[in-house]
Amino acid sequence: MKQIIDLIDISLSIKSSGKIFDGLTFSLPSGGTALICGPPNIKKTALIELIIGAYPPIKGVILLFEKKLEAKKGRATARVRCKIGGVGGIFDLVSYQTVYENIAYPLILKSESGSSRKKKVLQKLTDYNLLGKRREKAGNLTRGEKILAQLARATIADQPLLLIDEPLAGLDSEMSSKIIGILKDLSVAGHSMLILTTDGSRLNLPDAREYFFDNGALK
Amino acid sequence: MRKFFYLKFKFLKHLCKRPLPAIASLLSMLLLFLMFDLVWIASLSVDRYYEQVLAEVDMEIFFDDNLPDSTMNTITDALKDLEGIEAFEFISKDDARAKLHALMGMDLLEGLENNPLPKSILITFDMHFITSTYLNDTEVKLRKFNGVTEIFYPRFWLEKAEANRLLVSHSVLVIGAVIFLAAILNLLYSVRLSVKTYDEELQQYRLLGAGKMFLSMPFIFEGIFYSLFAFAGGWLIIYYGTAHYTISNFEIVLPPQIDIIRACIVALVVGMIGGYIGVRRSL
């Protein structure tokens, strides 16, 4: 089966935090969902940063979409990032831009025409119940609306891989259910998802593989 | 092409969102380029002034009274063969006396038994050959002829004028380089200030897969915009000034259009460099 993410024997150290991963091996098949669980403040986010090439590993190989990722090759990394949709954590909305502008950006990178862009963004805004907020500055959104807008941005250009960091943190039960519903739909639609969460049981996604982050390795 | 339009739109948006810093950057660049233009024009005008004065430099060779005509013919033939000589005029003793008369308004030699003025040849040179080195070489060659008693040309004045021209051209080079360096630094920090305003956007867009060049382009356009508009503004002011005001007794020389176009290309490059260096560190 085609692997979207393949991390082979990865060791990663970050100056400010010391050793984070040691001999980490992990793979995510195409269309699969992985829940990475663990308590807060154990640098789970570093896994996402590693996958998008923000940090080069000391040891090991990162294969993304079956191609080796080399953090130092800027253009290749940018091409890979275009295929990734990010939600939460380091992936934030640009606070002074409107919701519309934030969601449209991946389409600009794909060189979509203005009319096609508008059509897709409006459709996405309607799907995620954000149409009324399209002219609102992203900084004025609630936490739940931000997650929705980020999910819209992460999927608008049909990005095959979603990296999601704590999607339910700080949300009320109504918004949580809404987000879980969207994640289930995305999973069924065949998106590959890697979700970092403190409590995997709350998500209850179909066919999701659950991992626990412990001492720099996934179990 | 779509991306290009987006980037152009983005750069215009940057300017419109921060109009005051944009105007401040534009004005400071305008002042710098105006200063450069003025220095450039001043150097050209000084150069033209020196050229006009140098065009009047000539050399006069004085001969012994007893010099036979045959030797004089040899000398005039030699002068014809010398490069750089535009014309020469033989001045006989009587012509010299007439010239002195015309110059002083009275015949100072009246009452003298003999005309003490020597015969001479007055040489005028082609403009491009009026240099102290060339005139010195010519003097050495001419002194070899028998009967040449004195050769006069304003040697020390010429050397001083050449040194001054050199000083002016070196000063223009140094001042020009300093101004262009100041322009680059000014642009760099204007763009860096702009980048700081959009830092959040740049970081997020990088995570979404925007390349460095794509993110840099609006800021490079911004640098080019400041540079080109300031350059054009500087020349507009100068053309307006020269059309409405003149300085008597001193000709203002504007550079040829082709040189202005070249300088415009340099300004464009300065804009690109300033914009690129300004944004590079943040990516």
# chains A, B, ... in the order shown; residues from 1 in each chain; ligands from 1
>>> select_by_dssp(residues="region 41-194 of chain A", states="strand (DSSP E)", output="PyMOL selection string")
chain A and resi 59-64+67-68+84-87+161-165+192-194
>>> write_last_selection(atoms="N, CA and C atoms", output="PDB file, in the first residue's frame")
ATOM      1  N   LYS A  59      19.330  12.008  12.386  1.00  0.00           N
ATOM      2  CA  LYS A  59      19.520  10.670  11.808  1.00  0.00           C
ATOM      3  C   LYS A  59      18.181  10.210  11.237  1.00  0.00           C
ATOM      4  N   GLY A  60      18.238   9.351  10.255  1.00  0.00           N
ATOM      5  CA  GLY A  60      17.010   8.758   9.717  1.00  0.00           C
ATOM      6  C   GLY A  60      16.547   9.411   8.425  1.00  0.00           C
ATOM      7  N   VAL A  61      15.493   8.843   7.893  1.00  0.00           N
ATOM      8  CA  VAL A  61      14.989   9.283   6.586  1.00  0.00           C
ATOM      9  C   VAL A  61      13.504   9.609   6.700  1.00  0.00           C
ATOM     10  N   ILE A  62      13.126  10.703   6.072  1.00  0.00           N
ATOM     11  CA  ILE A  62      11.705  11.064   6.007  1.00  0.00           C
ATOM     12  C   ILE A  62      11.256  10.909   4.556  1.00  0.00           C
ATOM     13  N   LEU A  63      10.265  10.050   4.361  1.00  0.00           N
ATOM     14  CA  LEU A  63       9.690   9.920   3.020  1.00  0.00           C
ATOM     15  C   LEU A  63       8.278  10.481   3.067  1.00  0.00           C
ATOM     16  N   LEU A  64       8.026  11.454   2.211  1.00  0.00           N
ATOM     17  CA  LEU A  64       6.681  12.024   2.113  1.00  0.00           C
ATOM     18  C   LEU A  64       6.200  11.830   0.694  1.00  0.00           C
ATOM     19  N   LYS A  67       8.673  10.268  -1.513  1.00  0.00           N
ATOM     20  CA  LYS A  67       9.890  10.982  -1.918  1.00  0.00           C
ATOM     21  C   LYS A  67      10.621  11.440  -0.669  1.00  0.00           C
ATOM     22  N   LYS A  68      11.956  11.388  -0.749  1.00  0.00           N
ATOM     23  CA  LYS A  68      12.757  11.766   0.408  1.00  0.00           C
ATOM     24  C   LYS A  68      12.653  13.278   0.638  1.00  0.00           C
ATOM     25  N   ILE A  84       0.101  19.543   1.727  1.00  0.00           N
ATOM     26  CA  ILE A  84      -0.264  19.300   3.123  1.00  0.00           C
ATOM     27  C   ILE A  84      -1.212  20.392   3.607  1.00  0.00           C
ATOM     28  N   GLY A  85      -2.250  19.965   4.268  1.00  0.00           N
ATOM     29  CA  GLY A  85      -3.144  20.934   4.898  1.00  0.00           C
ATOM     30  C   GLY A  85      -2.893  20.917   6.389  1.00  0.00           C
ATOM     31  N   GLY A  86      -2.710  22.068   6.986  1.00  0.00           N
ATOM     32  CA  GLY A  86      -2.389  22.113   8.408  1.00  0.00           C
ATOM     33  C   GLY A  86      -3.495  22.763   9.207  1.00  0.00           C
ATOM     34  N   VAL A  87      -3.746  22.191  10.376  1.00  0.00           N
ATOM     35  CA  VAL A  87      -4.784  22.743  11.262  1.00  0.00           C
ATOM     36  C   VAL A  87      -4.230  22.777  12.693  1.00  0.00           C
ATOM     37  N   LEU A 161      -2.854  15.255   2.354  1.00  0.00           N
ATOM     38  CA  LEU A 161      -2.452  14.951   3.732  1.00  0.00           C
ATOM     39  C   LEU A 161      -2.829  16.105   4.656  1.00  0.00           C
ATOM     40  N   LEU A 162      -3.489  15.744   5.776  1.00  0.00           N
ATOM     41  CA  LEU A 162      -3.840  16.768   6.762  1.00  0.00           C
ATOM     42  C   LEU A 162      -3.061  16.514   8.042  1.00  0.00           C
ATOM     43  N   LEU A 163      -2.407  17.561   8.530  1.00  0.00           N
ATOM     44  CA  LEU A 163      -1.703  17.479   9.819  1.00  0.00           C
ATOM     45  C   LEU A 163      -2.488  18.349  10.794  1.00  0.00           C
ATOM     46  N   ILE A 164      -3.041  17.706  11.795  1.00  0.00           N
ATOM     47  CA  ILE A 164      -3.970  18.421  12.670  1.00  0.00           C
ATOM     48  C   ILE A 164      -3.464  18.345  14.108  1.00  0.00           C
ATOM     49  N   ASP A 165      -3.334  19.507  14.724  1.00  0.00           N
ATOM     50  CA  ASP A 165      -2.768  19.573  16.072  1.00  0.00           C
ATOM     51  C   ASP A 165      -3.854  20.016  17.054  1.00  0.00           C
ATOM     52  N   SER A 192      -5.730  11.518   4.011  1.00  0.00           N
ATOM     53  CA  SER A 192      -4.831  10.936   5.017  1.00  0.00           C
ATOM     54  C   SER A 192      -4.680  11.972   6.114  1.00  0.00           C
ATOM     55  N   MET A 193      -4.818  11.522   7.356  1.00  0.00           N
ATOM     56  CA  MET A 193      -4.769  12.492   8.461  1.00  0.00           C
ATOM     57  C   MET A 193      -3.849  12.025   9.567  1.00  0.00           C
ATOM     58  N   LEU A 194      -3.067  12.959  10.046  1.00  0.00           N
ATOM     59  CA  LEU A 194      -2.252  12.694  11.229  1.00  0.00           C
ATOM     60  C   LEU A 194      -2.725  13.706  12.273  1.00  0.00           C
TER      61      LEU A 194
END
>>> closest_atom_pairs(of="chain A", to="chain B", cutoff="9 Å", atoms="only C-alpha atoms", output="tab-separated table")
residue	atom	partner	partner_atom	distance
A:Ile52	CA	B:Leu207	CA	7.6
A:Ala54	CA	B:Leu207	CA	8.7
A:Gly74	CA	B:Gly211	CA	7.3
A:Arg75	CA	B:Gly211	CA	6.2
A:Thr77	CA	B:Gly209	CA	7.5
A:Ala78	CA	B:Gly209	CA	4.2
A:Arg79	CA	B:Gly209	CA	6.1
A:Val80	CA	B:Gly209	CA	7.1
A:Arg81	CA	B:Gly209	CA	4.4
A:Cys82	CA	B:Gly209	CA	4.5
A:Lys83	CA	B:Gly209	CA	8.0
A:Ile84	CA	B:Leu208	CA	7.3
A:Gly85	CA	B:Leu208	CA	7.3
A:Gly86	CA	B:Leu208	CA	7.6
A:Ile90	CA	B:Gln204	CA	8.2
A:Phe91	CA	B:Gln204	CA	6.7
A:Asp92	CA	B:Gln204	CA	6.8
A:Leu93	CA	B:Gln204	CA	7.3
A:Val94	CA	B:Glu201	CA	5.6
A:Ser95	CA	B:Glu200	CA	8.1
A:Tyr96	CA	B:Glu201	CA	8.7
A:Gln97	CA	B:Glu201	CA	8.7
A:Tyr105	CA	B:Tyr205	CA	7.9
A:Pro106	CA	B:Leu208	CA	6.8
A:Ile108	CA	B:Lys3	CA	6.9
A:Leu109	CA	B:Ala210	CA	6.6
A:Lys110	CA	B:Lys3	CA	8.8
A:Ser111	CA	B:Lys3	CA	6.0
A:Glu112	CA	B:Arg2	CA	7.5
A:Ser113	CA	B:Arg2	CA	6.7
A:Gly114	CA	B:Arg2	CA	8.3
A:Ala154	CA	B:Leu208	CA	8.8
>>> write_last_selection(atoms="C-alpha atoms", output="PDB file, in the first residue's frame")
ATOM      1  CA  ILE A  52       6.913  19.648   6.999  1.00  0.00           C
ATOM      2  CA  ALA A  54      11.022  22.708   9.550  1.00  0.00           C
ATOM      3  CA  GLY A  74      13.709  24.923   0.012  1.00  0.00           C
ATOM      4  CA  ARG A  75      11.905  24.534  -3.303  1.00  0.00           C
ATOM      5  CA  THR A  77      10.069  21.385   0.675  1.00  0.00           C
ATOM      6  CA  ALA A  78       7.697  24.125  -0.547  1.00  0.00           C
ATOM      7  CA  ARG A  79       6.286  21.730  -3.179  1.00  0.00           C
ATOM      8  CA  VAL A  80       5.660  19.098  -0.525  1.00  0.00           C
ATOM      9  CA  ARG A  81       4.028  21.617   1.806  1.00  0.00           C
ATOM     10  CA  CYS A  82       1.534  22.540  -0.932  1.00  0.00           C
ATOM     11  CA  LYS A  83       0.193  18.987  -0.625  1.00  0.00           C
ATOM     12  CA  ILE A  84      -0.264  19.300   3.123  1.00  0.00           C
ATOM     13  CA  GLY A  85      -3.144  20.934   4.898  1.00  0.00           C
ATOM     14  CA  GLY A  86      -2.389  22.113   8.408  1.00  0.00           C
ATOM     15  CA  ILE A  90       1.880  26.036  14.186  1.00  0.00           C
ATOM     16  CA  PHE A  91      -0.736  26.357  11.448  1.00  0.00           C
ATOM     17  CA  ASP A  92      -2.587  29.504  12.306  1.00  0.00           C
ATOM     18  CA  LEU A  93      -4.687  31.941  10.342  1.00  0.00           C
ATOM     19  CA  VAL A  94      -3.254  35.326   9.419  1.00  0.00           C
ATOM     20  CA  SER A  95      -5.066  37.446  11.987  1.00  0.00           C
ATOM     21  CA  TYR A  96      -5.291  40.675   9.971  1.00  0.00           C
ATOM     22  CA  GLN A  97      -6.582  38.997   6.830  1.00  0.00           C
ATOM     23  CA  TYR A 105      -4.278  31.187  -0.241  1.00  0.00           C
ATOM     24  CA  PRO A 106      -3.567  27.502  -1.112  1.00  0.00           C
ATOM     25  CA  ILE A 108      -3.266  31.078  -5.197  1.00  0.00           C
ATOM     26  CA  LEU A 109      -0.244  28.841  -4.772  1.00  0.00           C
ATOM     27  CA  LYS A 110      -1.876  26.415  -7.216  1.00  0.00           C
ATOM     28  CA  SER A 111      -2.331  29.305  -9.706  1.00  0.00           C
ATOM     29  CA  GLU A 112      -6.104  28.875  -9.827  1.00  0.00           C
ATOM     30  CA  SER A 113      -7.974  31.574 -11.703  1.00  0.00           C
ATOM     31  CA  GLY A 114      -9.842  34.250  -9.767  1.00  0.00           C
ATOM     32  CA  ALA A 154      -6.405  22.680   4.725  1.00  0.00           C
TER      33      ALA A 154
END
>>> closest_residue(among="B:Ile61, B:Leu185, B:Met72, B:Ile121", to="Glu139 (chain B)", atoms="only C-alpha atoms")
B:Ile61
>>> residues_around(residues="Leu35 (chain A)", least_positions_apart="6", cutoff="12 Å", atoms="only C-alpha atoms", output="ChimeraX atom specification")
/A:26-28,44,162-167,183,192-213,218-219
>>> atom_distance(atom1="CA of Asp214 (chain A)", atom2="CA of Glu66 (chain A)")
26.3 Å
>>> atom_distance(atom1="CA of Phe229 (chain B)", atom2="CA of Gly241 (chain B)")
18.0 Å
>>> atom_distance(atom1="CA of Phe231 (chain B)", atom2="CA of Cys264 (chain B)")
6.9 Å
>>> residues_around(residues="Leu187 (chain B)", least_positions_apart="3", cutoff="8 Å", atoms="only C-alpha atoms", output="ChimeraX atom specification")
/B:25,29,183-184,190-191,223,226-227,271,274-275,278
>>> select_by_dssp(residues="region 99-190 of chain B", states="helix (DSSP H, G or I)", output="ChimeraX atom specification")
/B:99-104,127-129,132-143,155-190
>>> closest_residue(among="B:Ile252, B:Val279, B:Val172, B:Cys16", to="Ser216 (chain B)", atoms="only C-alpha atoms")
B:Val279
